[in-house]
>>> print(open('run07.pdb').read())   # PDB, C-alpha atoms
MODEL        1
ATOM      1  CA  MET A 281      22.443  -7.948   0.184
ATOM      2  CA  GLU A 282      20.177  -7.158  -2.687
ATOM      3  CA  THR A 283      19.106  -3.600  -3.427
ATOM      4  CA  ILE A 284      15.443  -2.640  -3.544
ATOM      5  CA  ALA A 285      15.513  -2.750  -7.302
ATOM      6  CA  GLY A 286      17.319  -6.002  -7.359
ATOM      7  CA  THR A 287      17.109  -6.671  -3.728
ATOM      8  CA  LEU A 288      14.991  -3.302  -2.773
ATOM      9  CA  PRO A 289      -0.755  -8.156  -0.851
ATOM     10  CA  ALA A 290      -7.585 -12.394  -0.451
ATOM     11  CA  ARG A 291      -6.457 -15.715  -1.086
ATOM     12  CA  SER A 292      -7.108 -18.015  -3.982
ATOM     13  CA  ILE A 293      -5.900 -21.494  -4.673
ATOM     14  CA  GLU A 294      -3.177 -21.829  -7.264
ATOM     15  CA  LYS A 295      -2.709 -25.543  -7.442
ATOM     16  CA  LEU A 296      -6.289 -26.615  -6.789
ATOM     17  CA  LYS A 297      -7.429 -26.340 -10.401
ATOM     18  CA  PRO A 298     -10.878 -27.794 -11.150
ATOM     19  CA  THR A 299     -11.264 -30.118 -14.063
ATOM     20  CA  ALA A 300     -14.876 -29.075 -14.695
ATOM     21  CA  THR A 301     -15.778 -26.083 -16.840
ATOM     22  CA  LYS A 302     -15.926 -22.985 -14.702
ATOM     23  CA  THR A 303     -17.138 -19.424 -14.904
ATOM     24  CA  THR A 304     -15.574 -16.455 -13.164
ATOM     25  CA  THR A 305     -17.563 -13.816 -11.315
ATOM     26  CA  GLU A 306     -14.557 -12.042  -9.870
ATOM     27  CA  GLU A 307     -10.994 -12.001 -11.090
ATOM     28  CA  GLY A 308      -9.136 -15.056  -9.940
ATOM     29  CA  ILE A 309     -12.123 -16.615  -8.138
ATOM     30  CA  PRO A 310     -13.730 -19.398 -10.201
ATOM     31  CA  THR A 311     -17.185 -20.660  -9.258
ATOM     32  CA  SER A 312     -16.835 -24.316 -10.167
ATOM     33  CA  SER A 313     -18.682 -26.567  -7.711
ATOM     34  CA  LYS A 314     -15.564 -28.680  -7.230
ATOM     35  CA  TYR A 315     -13.479 -25.590  -6.523
ATOM     36  CA  VAL A 316     -16.011 -24.279  -4.006
ATOM     37  CA  ALA A 317     -16.158 -27.682  -2.328
ATOM     38  CA  ALA A 318     -12.390 -27.768  -2.069
ATOM     39  CA  LEU A 319     -12.411 -24.403  -0.344
ATOM     40  CA  LYS A 320     -15.338 -25.118   1.984
ATOM     41  CA  ALA A 321     -14.240 -28.553   3.133
ATOM     42  CA  PRO A 322     -10.566 -28.539   4.152
ATOM     43  CA  THR A 323      -9.255 -31.782   5.571
ATOM     44  CA  ILE A 324      -8.942 -31.492   9.328
ATOM     45  CA  SER A 325      -6.055 -33.928   9.466
ATOM     46  CA  SER A 326      -4.034 -32.006   6.866
ATOM     47  CA  PRO A 327      -0.963 -30.455   8.520
ATOM     48  CA  SER A 328      -1.086 -27.489   6.117
ATOM     49  CA  SER A 329      -4.716 -26.658   6.872
ATOM     50  CA  ASN A 330      -5.654 -24.569   9.905
ATOM     51  CA  ARG A 331      -8.805 -22.850   8.671
ATOM     52  CA  TYR A 332     -10.755 -23.718  11.817
ATOM     53  CA  GLY A 333      -8.578 -21.530  14.008
ATOM     54  CA  ASN A 334      -7.433 -22.146  17.549
ATOM     55  CA  PRO A 335     -10.179 -23.051  20.067
ATOM     56  CA  GLU A 336      -8.092 -21.497  22.836
ATOM     57  CA  VAL A 337      -8.853 -18.038  21.446
ATOM     58  CA  LYS A 338     -11.932 -16.680  23.244
ATOM     59  CA  ALA A 339     -13.486 -13.319  22.385
ATOM     60  CA  ARG A 340     -15.729 -11.346  24.730
ATOM     61  CA  TYR A 341     -18.887  -9.594  23.572
ATOM     62  CA  SER A 342     -19.688  -6.025  24.431
ATOM     63  CA  THR A 343     -20.760  -2.753  22.795
ATOM     64  CA  HIS A 344     -18.650   0.054  21.371
ATOM     65  CA  ASN A 345     -20.041   3.423  20.266
ATOM     66  CA  GLY A 346     -23.503   1.923  20.234
ATOM     67  CA  MET A 347     -22.499  -1.069  18.074
ATOM     68  CA  PRO A 348     -22.194  -4.730  19.050
ATOM     69  CA  ALA A 349     -18.513  -5.460  19.662
ATOM     70  CA  VAL A 350     -16.424  -8.630  19.494
ATOM     71  CA  ILE A 351     -13.178  -8.105  21.390
ATOM     72  CA  PHE A 352     -10.097 -10.318  21.233
ATOM     73  CA  LYS A 353      -7.060 -10.131  23.461
ATOM     74  CA  SER A 354      -4.119  -8.341  21.851
ATOM     75  CA  SER A 355      -1.880 -11.261  22.755
ATOM     76  CA  ASP A 356      -4.172 -13.555  20.739
ATOM     77  CA  CYS A 357      -4.371 -11.214  17.741
ATOM     78  CA  TYR A 358      -0.607 -11.036  17.479
ATOM     79  CA  GLY A 359       0.005 -14.589  18.656
ATOM     80  CA  LEU A 360      -2.306 -17.557  18.126
ATOM     81  CA  MET A 361      -4.544 -15.868  15.558
ATOM     82  CA  ALA A 362      -1.632 -14.577  13.489
ATOM     83  CA  GLU A 363       0.096 -17.960  13.485
ATOM     84  CA  GLU A 364      -1.900 -19.107  10.457
ATOM     85  CA  CYS A 365      -0.400 -16.280   8.407
ATOM     86  CA  ARG A 366       3.175 -16.591   9.547
ATOM     87  CA  LEU A 367       4.186 -17.832   6.070
ATOM     88  CA  THR A 368       2.320 -15.088   4.202
ATOM     89  CA  LEU A 369       3.999 -12.395   2.152
ATOM     90  CA  VAL A 370       2.497  -9.234   0.726
ATOM     91  CA  GLY A 371       3.430  -8.290  -2.821
ATOM     92  CA  LYS A 372       2.970  -4.657  -3.841
ATOM     93  CA  PHE A 373       3.233  -3.018  -7.250
ATOM     94  CA  LEU A 374       3.741   0.702  -7.743
ATOM     95  CA  ARG A 375       1.054   0.726 -10.427
ATOM     96  CA  THR A 376      -1.786  -1.584 -11.430
ATOM     97  CA  ARG A 377      -0.560  -5.162 -11.077
ATOM     98  CA  PRO A 378      -0.554  -7.674 -13.941
ATOM     99  CA  GLN A 379      -3.587  -9.927 -14.389
ATOM    100  CA  ILE A 380      -3.587 -12.541 -11.650
ATOM    101  CA  GLU A 381      -3.199 -15.541 -13.983
ATOM    102  CA  LYS A 382      -0.196 -13.939 -15.677
ATOM    103  CA  LEU A 383       1.252 -13.055 -12.300
ATOM    104  CA  ARG A 384       0.923 -16.656 -11.109
ATOM    105  CA  SER A 385       2.458 -18.135 -14.250
ATOM    106  CA  LYS A 386       5.400 -15.714 -14.265
ATOM    107  CA  PHE A 387       5.987 -16.339 -10.580
ATOM    108  CA  ALA A 388       6.066 -20.089 -11.246
ATOM    109  CA  GLU A 389       8.604 -19.534 -14.044
ATOM    110  CA  LYS A 390      10.931 -17.499 -11.827
ATOM    111  CA  ILE A 391      10.553 -19.298  -8.498
ATOM    112  CA  THR A 392      10.787 -23.017  -7.837
ATOM    113  CA  VAL A 393       8.920 -24.053  -4.694
ATOM    114  CA  LYS A 394       8.838 -27.371  -2.855
ATOM    115  CA  GLY A 395       5.366 -27.054  -1.371
ATOM    116  CA  ASN A 396       2.342 -25.023  -2.452
ATOM    117  CA  VAL A 397       2.046 -21.282  -2.863
ATOM    118  CA  LYS A 398      -1.361 -19.616  -3.122
ATOM    119  CA  ILE A 399      -1.368 -16.205  -4.779
ATOM    120  CA  GLY A 400      -4.533 -14.169  -4.298
ATOM    121  CA  VAL A 401      -5.761 -10.686  -5.163
ATOM    122  CA  TYR A 402      -6.098  -8.063  -2.423
ATOM    123  CA  ASN A 403      -6.629  -4.981  -4.565
ATOM    124  CA  PHE A 404      -5.575  -3.493  -7.911
ATOM    125  CA  ARG A 405      -1.895  -3.294  -6.912
ATOM    126  CA  THR A 406      -1.549  -5.773  -4.051
ATOM    127  CA  VAL A 407      -1.474  -9.578  -3.782
ATOM    128  CA  PHE A 408      -0.938 -12.062  -0.955
ATOM    129  CA  LEU A 409       1.424 -15.012  -1.308
ATOM    130  CA  ASP A 410       0.629 -17.880   1.072
ATOM    131  CA  PHE A 411       3.321 -20.541   1.441
ATOM    132  CA  THR A 412       3.218 -24.010   2.974
ATOM    133  CA  ASN A 413       7.008 -24.417   3.107
ATOM    134  CA  GLU A 414       9.032 -22.213   5.425
ATOM    135  CA  ASP A 415      12.215 -22.437   3.368
ATOM    136  CA  ASN A 416      10.326 -21.266   0.264
ATOM    137  CA  PHE A 417       8.801 -18.433   2.269
ATOM    138  CA  LYS A 418      12.206 -17.269   3.476
ATOM    139  CA  ASN A 419      13.897 -17.583   0.087
ATOM    140  CA  VAL A 420      11.255 -15.425  -1.588
ATOM    141  CA  TRP A 421      11.072 -12.892   1.263
ATOM    142  CA  TYR A 422      14.832 -12.462   1.278
ATOM    143  CA  ARG A 423      14.697 -11.361  -2.353
ATOM    144  CA  ARG A 424      12.695  -8.298  -1.272
ATOM    145  CA  SER A 425      11.419  -7.853  -4.816
ATOM    146  CA  ILE A 426      10.611  -9.839  -7.967
ATOM    147  CA  GLU A 427      10.154  -8.511 -11.481
ATOM    148  CA  ILE A 428       6.824  -9.617 -12.965
ATOM    149  CA  GLU A 429       5.761  -8.586 -16.489
ATOM    150  CA  GLY A 430       8.197  -5.676 -16.469
ATOM    151  CA  GLN A 431       6.977  -4.405 -13.080
ATOM    152  CA  LEU A 432       8.681  -4.648  -9.735
ATOM    153  CA  MET A 433       6.695  -6.484  -7.064
ATOM    154  CA  CYS A 434       8.082  -5.438  -3.677
ATOM    155  CA  LEU A 435       7.735  -8.037  -0.943
ATOM    156  CA  GLU A 436       7.052  -7.575   2.734
ATOM    157  CA  LYS A 437       6.202  -9.888   5.581
ATOM    158  CA  TRP A 438       2.500  -9.896   6.483
ATOM    159  CA  SER A 439       1.533  -8.658   9.932
ATOM    160  CA  PRO A 440      -1.800  -8.115  11.752
ATOM    161  CA  ASP A 441      -1.155  -4.378  11.333
ATOM    162  CA  PHE A 442      -1.082  -4.635   7.536
ATOM    163  CA  LYS A 443      -2.449  -1.607   5.680
ATOM    164  CA  PRO A 444      -2.389  -1.554   1.869
ATOM    165  CA  GLU A 445      -1.520   2.142   1.703
ATOM    166  CA  GLU A 446       1.535   1.758   3.948
ATOM    167  CA  ASP A 447       4.802  -0.151   3.659
ATOM    168  CA  SER A 448       6.018  -2.273   6.533
ATOM    169  CA  PRO A 449       9.148  -0.867   8.209
ATOM    170  CA  VAL A 450      10.269  -4.430   8.993
ATOM    171  CA  VAL A 451      12.806  -5.588   6.410
ATOM    172  CA  THR A 452      15.728  -7.990   6.149
ATOM    173  CA  VAL A 453      19.259  -6.645   5.849
ATOM    174  CA  TRP A 454      22.763  -8.085   5.883
ATOM    175  CA  VAL A 455      24.792  -7.105   8.942
ATOM    176  CA  LEU A 456      28.572  -7.360   8.778
ATOM    177  CA  LEU A 457      30.724  -8.020  11.835
ATOM    178  CA  PRO A 458      34.335  -7.253  10.853
ATOM    179  CA  GLU A 459      37.087  -8.948  12.877
ATOM    180  CA  LEU A 460      34.626 -10.911  14.963
ATOM    181  CA  PRO A 461      36.629 -13.537  16.904
ATOM    182  CA  PHE A 462      36.655 -16.728  14.861
ATOM    183  CA  HIS A 463      35.209 -18.919  17.590
ATOM    184  CA  CYS A 464      32.062 -16.749  17.410
ATOM    185  CA  HIS A 465      31.500 -17.654  13.735
ATOM    186  CA  THR A 466      28.844 -20.143  14.820
ATOM    187  CA  TRP A 467      25.094 -19.633  14.560
ATOM    188  CA  HIS A 468      24.308 -20.134  18.242
ATOM    189  CA  TYR A 469      26.878 -17.523  19.246
ATOM    190  CA  VAL A 470      26.617 -14.949  16.478
ATOM    191  CA  LYS A 471      22.814 -14.769  16.668
ATOM    192  CA  GLN A 472      23.108 -13.666  20.302
ATOM    193  CA  ILE A 473      25.606 -10.965  19.366
ATOM    194  CA  VAL A 474      23.326  -9.427  16.705
ATOM    195  CA  SER A 475      20.064  -9.879  18.641
ATOM    196  CA  PRO A 476      20.131  -6.252  19.964
ATOM    197  CA  ILE A 477      19.712  -5.169  16.307
ATOM    198  CA  GLY A 478      16.651  -7.281  15.537
ATOM    199  CA  THR A 479      15.697 -10.882  14.824
ATOM    200  CA  PRO A 480      18.603 -12.998  13.484
ATOM    201  CA  LEU A 481      17.586 -15.082  10.472
ATOM    202  CA  SER A 482      20.623 -16.775   8.922
ATOM    203  CA  MET A 483      24.338 -16.581   8.185
ATOM    204  CA  ASP A 484      25.768 -16.290   4.715
ATOM    205  CA  LEU A 485      27.555 -19.292   3.212
ATOM    206  CA  ALA A 486      31.075 -18.014   3.900
ATOM    207  CA  THR A 487      30.295 -17.561   7.593
ATOM    208  CA  ASP A 488      28.462 -20.875   7.781
ATOM    209  CA  HIS A 489      31.352 -22.711   6.049
ATOM    210  CA  ARG A 490      33.983 -20.750   8.005
ATOM    211  CA  THR A 491      35.863 -19.687   4.864
ATOM    212  CA  ARG A 492      36.078 -15.937   5.677
ATOM    213  CA  PRO A 493      37.643 -15.579   9.133
ATOM    214  CA  SER A 494      38.026 -11.795   8.780
ATOM    215  CA  MET A 495      34.296 -11.113   9.028
ATOM    216  CA  ALA A 496      30.939 -12.678   9.856
ATOM    217  CA  LYS A 497      27.816 -11.822   7.881
ATOM    218  CA  VAL A 498      24.320 -12.327   9.262
ATOM    219  CA  ARG A 499      20.879 -11.640   7.818
ATOM    220  CA  VAL A 500      18.737  -9.821  10.382
ATOM    221  CA  GLU A 501      15.101  -8.716  10.449
ATOM    222  CA  VAL A 502      15.171  -5.065  11.522
ATOM    223  CA  ASP A 503      12.618  -2.326  12.170
ATOM    224  CA  LEU A 504      13.579   0.797  10.211
ATOM    225  CA  THR A 505      11.701   3.044  12.656
ATOM    226  CA  LYS A 506      14.153   2.126  15.416
ATOM    227  CA  PRO A 507      17.675   3.582  15.823
ATOM    228  CA  LYS A 508      20.378   1.754  13.909
ATOM    229  CA  LEU A 509      23.128   0.411  16.151
ATOM    230  CA  ASN A 510      26.691   0.861  14.891
ATOM    231  CA  SER A 511      28.340  -1.253  17.574
ATOM    232  CA  VAL A 512      27.674  -3.667  20.414
ATOM    233  CA  TRP A 513      29.845  -4.482  23.389
ATOM    234  CA  VAL A 514      30.657  -8.175  23.791
ATOM    235  CA  GLY A 515      31.922  -9.125  27.223
ATOM    236  CA  GLN A 516      32.864 -12.061  29.383
ATOM    237  CA  GLU A 517      32.728 -12.479  33.119
ATOM    238  CA  ASP A 518      33.368 -14.869  35.948
ATOM    239  CA  GLU A 519      33.428 -14.666  39.724
ATOM    240  CA  SER A 520      37.179 -14.291  40.124
ATOM    241  CA  ASN A 521      37.953 -11.782  37.314
ATOM    242  CA  PRO A 522      36.557  -8.375  36.461
ATOM    243  CA  LEU A 523      34.296  -7.887  33.471
ATOM    244  CA  LYS A 524      36.200  -7.543  30.212
ATOM    245  CA  GLY A 525      35.359  -7.544  26.529
ATOM    246  CA  PHE A 526      35.506  -5.658  23.256
ATOM    247  CA  THR A 527      33.457  -3.350  21.074
ATOM    248  CA  GLN A 528      32.138  -5.134  17.991
ATOM    249  CA  LYS A 529      31.635  -2.865  15.010
ATOM    250  CA  LEU A 530      28.433  -3.350  12.988
ATOM    251  CA  GLU A 531      28.078  -2.509   9.313
ATOM    252  CA  TYR A 532      24.971  -2.740   7.121
ATOM    253  CA  GLU A 533      24.472  -3.520   3.439
ATOM    254  CA  ASN A 534      21.888  -1.668   1.343
ATOM    255  CA  VAL A 535      19.498  -0.592   4.078
ATOM    256  CA  PRO A 536      16.366   0.808   2.383
ATOM    257  CA  LYS A 537      15.149   4.275   3.289
ATOM    258  CA  TYR A 538      11.850   4.567   5.148
ATOM    259  CA  CYS A 539       9.710   7.688   5.494
ATOM    260  CA  ARG A 540       8.112   8.050   8.915
ATOM    261  CA  HIS A 541       5.663  10.641   7.562
ATOM    262  CA  CYS A 542       3.992   8.817   4.669
ATOM    263  CA  LYS A 543       5.154   5.378   5.888
ATOM    264  CA  LEU A 544       6.583   4.255   2.578
ATOM    265  CA  LEU A 545       9.876   2.674   1.558
ATOM    266  CA  GLY A 546      12.224   4.305  -0.944
ATOM    267  CA  HIS A 547      12.825   7.727   0.584
ATOM    268  CA  SER A 548      13.464   9.400   3.928
ATOM    269  CA  ILE A 549      11.370  12.087   5.597
ATOM    270  CA  LEU A 550      13.932  14.650   4.438
ATOM    271  CA  GLN A 551      13.078  13.703   0.837
ATOM    272  CA  CYS A 552       9.325  13.393   1.403
ATOM    273  CA  ARG A 553       7.230  15.636  -0.846
ATOM    274  CA  LYS A 554       4.139  15.144   1.310
ATOM    275  CA  ALA A 555       5.997  16.284   4.416
ATOM    276  CA  GLU A 556       7.443  19.242   2.507
ATOM    277  CA  LYS A 557       4.007  20.295   1.266
ATOM    278  CA  LYS A 558       2.612  19.968   4.789
ATOM    279  CA  ILE A 559       5.357  22.210   6.169
ATOM    280  CA  GLU A 560       4.792  24.731   3.367
ATOM    281  CA  GLY A 561       1.063  24.679   4.033
ATOM    282  CA  GLU A 562       1.578  25.227   7.742
ATOM    283  CA  GLY A 563       4.016  28.047   6.965
ATOM    284  CA  ASN A 564       1.578  29.744   4.616
ATOM    285  CA  SER A 565      -1.218  29.364   7.137
ATOM    286  CA  LYS A 566       0.961  30.796   9.902
ATOM    287  CA  GLY A 567       2.037  33.688   7.684
ATOM    288  CA  LYS A 568      -1.588  34.436   6.817
ATOM    289  CA  ASN A 569      -2.554  34.418  10.496
ATOM    290  CA  ILE A 570       0.290  36.823  11.312
ATOM    291  CA  ALA A 571      -0.770  39.134   8.464
ATOM    292  CA  ASP A 572      -4.379  39.012   9.673
ATOM    293  CA  ASP A 573      -3.261  39.826  13.201
ATOM    294  CA  LYS A 574      -1.205  42.779  11.941
ATOM    295  CA  GLY A 575      -4.116  44.032   9.854
ATOM    296  CA  THR A 576      -6.443  43.833  12.821
ATOM    297  CA  SER A 577      -3.912  45.627  15.022
ATOM    298  CA  THR A 578      -3.462  48.424  12.459
ATOM    299  CA  SER A 579      -7.224  48.825  12.126
ATOM    300  CA  HIS A 580      -7.650  49.139  15.884
ATOM    301  CA  THR A 581      -4.857  51.749  16.047
ATOM    302  CA  THR A 582      -6.450  53.845  13.280
ATOM    303  CA  GLU A 583      -9.850  53.717  14.977
ATOM    304  CA  ASN A 584      -8.318  54.833  18.298
ATOM    305  CA  ASN A 585      -6.512  57.748  16.626
ATOM    306  CA  GLU A 586      -9.728  58.899  14.945
ATOM    307  CA  MET A 587     -11.589  58.765  18.241
ATOM    308  CA  GLN A 588      -8.928  60.919  19.871
TER     309      GLN A 588
ENDMDL
END
>>> encode(input="run07.pdb", output="structure tokens")
Amino acid sequence: METIAGTLPARSIEKLKPTATKTTTEEGIPTSSKYVAALKAPTISSPSSNRYGNPEVKARYSTHNGMPAVIFKSSDCYGLMAEECRLTLVGKFLRTRPQIEKLRSKFAEKITVKGNVKIGVYNFRTVFLDFTNEDNFKNVWYRRSIEIEGQLMCLEKWSPDFKPEEDSPVVTVWVLLPELPFHCHTWHYVKQIVSPIGTPLSMDLATDHRTRPSMAKVRVEVDLTKPKLNSVWVGQEDESNPLKGFTQKLEYENVPKYCRHCKLLGHSILQCRKAEKKIEGEGNSKGKNIADDKGTSTSHTTENNEMQ
């Protein structure tokens, strides 16, 4: 699997370019009348357009802390409502990102896509990449990073819980299954074996073509905040024989580190400077409180002695 450096987020239209002269009031958002019309009037019959949302989603109206409130069901927020963005990636730069037009052109030079990809600005270091082709979406996501104008753009899968200041703990990793029985080197079987780890995505070519019988290799979407499994028991049973099976060893390639404290990729909580400073601050505060308590105790003792 690729490392973060080589392996290890506002939407604007990339391919809808107006022919009329346009002015720009905000970076990457032209104000041509044709462009605005294209955005405001999507074709209902277009299979790639779902800007009207799902009519099955019904919100209820209430109040919250004295404000009018519109409340959706959680199942809708993470289900039907999020479906429109299922092919959306978030691209993050460590520093200020390149200008959006340069970013789009360099992306087009590096990545060949079958359908459309819309790259839009979110903030000074984050862009969203909206795909219409699932294979393109997967191929780019699996890279985990792309170098643009000398900067590394780290990629993560969009979710309704997206926050620009945090990295998603959900990443793709290669999982190796050494000495997996050869008859299990089939997608329908191997995906069930690795499902306790996360969401199975694909097999590598050698496993798919059955040219490496000593080991199967599967790409899996995992949550880095959850414990990493090192083995899984694979069994077989029937009515006439007792349960039997084997322990399947699991190995991982280039799993990125994730800090649970600052919620960023690239380091663990043991290496987190923010967590270290917090601990030091708490220690200093505790030490000061102890010193204050001792000082108060000494003062009371002196006063009592003087009174006696």
>>> closest_residue(input="run07.pdb", among="A:Gly400, A:Pro522, A:Gly430, A:Pro461", to="Lys386 of chain A", atoms="all atoms listed in the file")
A:Gly430
>>> atom_distance(input="run07.pdb", atom1="atom CA of Asp356 of chain A", atom2="atom CA of Trp438 of chain A")
16.2 Å
>>> resolve_selection(input="run07.pdb", expression="the PyMOL selection byres ((chain A and resi 483-497) around 8)", output="number ranges by chain")
A: 454-460, 462, 465-467, 481-482, 498-499
>>> write_last_selection(input="run07.pdb", atoms="C-alpha atoms", output="mmCIF file, in the frame of the given file")
data_model
loop_
_atom_site.group_PDB
_atom_site.id
_atom_site.type_symbol
_atom_site.label_atom_id
_atom_site.label_comp_id
_atom_site.auth_asym_id
_atom_site.auth_seq_id
_atom_site.Cartn_x
_atom_site.Cartn_y
_atom_site.Cartn_z
ATOM 1 C CA TRP A 454 22.763 -8.085 5.883
ATOM 2 C CA VAL A 455 24.792 -7.105 8.942
ATOM 3 C CA LEU A 456 28.572 -7.360 8.778
ATOM 4 C CA LEU A 457 30.724 -8.020 11.835
ATOM 5 C CA PRO A 458 34.335 -7.253 10.853
ATOM 6 C CA GLU A 459 37.087 -8.948 12.877
ATOM 7 C CA LEU A 460 34.626 -10.911 14.963
ATOM 8 C CA PHE A 462 36.655 -16.728 14.861
ATOM 9 C CA HIS A 465 31.500 -17.654 13.735
ATOM 10 C CA THR A 466 28.844 -20.143 14.820
ATOM 11 C CA TRP A 467 25.094 -19.633 14.560
ATOM 12 C CA LEU A 481 17.586 -15.082 10.472
ATOM 13 C CA SER A 482 20.623 -16.775 8.922
ATOM 14 C CA VAL A 498 24.320 -12.327 9.262
ATOM 15 C CA ARG A 499 20.879 -11.640 7.818
#
>>> resolve_selection(input="run07.pdb", expression="the PyMOL selection byres ((chain A and resi 404) around 9)", output="short mmCIF file (atom, residue, chain, number, x, y, z; two decimals) with C-alpha atoms, in the frame of the given file")
data_model
loop_
_atom_site.label_atom_id
_atom_site.label_comp_id
_atom_site.auth_asym_id
_atom_site.auth_seq_id
_atom_site.Cartn_x
_atom_site.Cartn_y
_atom_site.Cartn_z
CA PHE A 373 3.23 -3.02 -7.25
CA ARG A 375 1.05 0.73 -10.43
CA THR A 376 -1.79 -1.58 -11.43
CA ARG A 377 -0.56 -5.16 -11.08
CA PRO A 378 -0.55 -7.67 -13.94
CA VAL A 401 -5.76 -10.69 -5.16
CA TYR A 402 -6.10 -8.06 -2.42
CA ASN A 403 -6.63 -4.98 -4.57
CA ARG A 405 -1.90 -3.29 -6.91
CA THR A 406 -1.55 -5.77 -4.05
CA VAL A 407 -1.47 -9.58 -3.78
#
>>> residues_around(input="run07.pdb", residues="Lys508 of chain A", least_positions_apart="2", cutoff="10 Å", atoms="only C-alpha atoms", output="count of residues only")
12
>>> atom_distance(input="run07.pdb", atom1="atom CA of Ile351 of chain A", atom2="atom CA of Ala339 of chain A")
5.3 Å
>>> atom_distance(input="run07.pdb", atom1="atom CA of Pro444 of chain A", atom2="atom CA of Arg540 of chain A")
15.9 Å
>>> resolve_selection(input="run07.pdb", expression="the PyMOL selection byres ((chain A and resi 338) around 12)", output="list of chain:residue names")
A:Gly333, A:Asn334, A:Pro335, A:Glu336, A:Val337, A:Ala339, A:Arg340, A:Tyr341, A:Val350, A:Ile351, A:Phe352, A:Lys353, A:Ser354, A:Ser355, A:Asp356, A:Cys357, A:Leu360, A:Met361
>>> residues_around(input="run07.pdb", residues="Val453 of chain A", least_positions_apart="4", cutoff="7 Å", atoms="only C-alpha atoms", output="list in words")
Met281, Arg499, Val500, Glu501, Glu533 and Val535 of chain A
>>> residues_around(input="run07.pdb", residues="Phe387 of chain A", least_positions_apart="3", cutoff="9 Å", atoms="all atoms listed in the file", output="JSON, numbers by chain")
{"A": [382, 383, 384, 390, 391, 392, 426, 427, 428]}
>>> residues_around(input="run07.pdb", residues="Leu374 of chain A", least_positions_apart="6", cutoff="9 Å", atoms="all atoms listed in the file", output="list in words")
Arg405, Gln431, Leu432, Met433 and Cys434 of chain A
>>> write_last_selection(input="run07.pdb", atoms="C-alpha atoms", output="PDB file, in the coordinates of the input")
ATOM      1  CA  ARG A 405      -1.895  -3.294  -6.912  1.00  0.00           C
ATOM      2  CA  GLN A 431       6.977  -4.405 -13.080  1.00  0.00           C
ATOM      3  CA  LEU A 432       8.681  -4.648  -9.735  1.00  0.00           C
ATOM      4  CA  MET A 433       6.695  -6.484  -7.064  1.00  0.00           C
ATOM      5  CA  CYS A 434       8.082  -5.438  -3.677  1.00  0.00           C
TER       6      CYS A 434
END
>>> residues_around(input="run07.pdb", residues="Ile473 of chain A", least_positions_apart="6", cutoff="9 Å", atoms="all atoms listed in the file", output="PyMOL selection string")
chain A and resi 464+512-514+528
>>> decode(input="run07.pdb", residues="segment 491-508 of chain A", atoms="C-alpha atoms", output="mmCIF file, in the first residue's frame")
data_model
loop_
_atom_site.group_PDB
_atom_site.id
_atom_site.type_symbol
_atom_site.label_atom_id
_atom_site.label_comp_id
_atom_site.auth_asym_id
_atom_site.auth_seq_id
_atom_site.Cartn_x
_atom_site.Cartn_y
_atom_site.Cartn_z
ATOM 1 C CA THR A 491 -1.113 -16.004 -9.078
ATOM 2 C CA ARG A 492 0.076 -15.825 -5.428
ATOM 3 C CA PRO A 493 -1.362 -18.832 -3.582
ATOM 4 C CA SER A 494 0.763 -18.185 -0.474
ATOM 5 C CA MET A 495 -1.162 -15.068 0.536
ATOM 6 C CA ALA A 496 -4.284 -13.027 -0.168
ATOM 7 C CA LYS A 497 -4.219 -9.236 -0.120
ATOM 8 C CA VAL A 498 -7.343 -7.143 0.378
ATOM 9 C CA ARG A 499 -7.906 -3.396 0.559
ATOM 10 C CA VAL A 500 -10.105 -2.558 3.548
ATOM 11 C CA GLU A 501 -11.665 0.661 4.834
ATOM 12 C CA VAL A 502 -10.782 0.807 8.533
ATOM 13 C CA ASP A 503 -11.441 3.164 11.441
ATOM 14 C CA LEU A 504 -8.147 4.021 13.154
ATOM 15 C CA THR A 505 -9.929 4.789 16.440
ATOM 16 C CA LYS A 506 -10.945 1.138 16.767
ATOM 17 C CA PRO A 507 -8.660 -1.699 17.955
ATOM 18 C CA LYS A 508 -6.619 -3.341 15.225
#
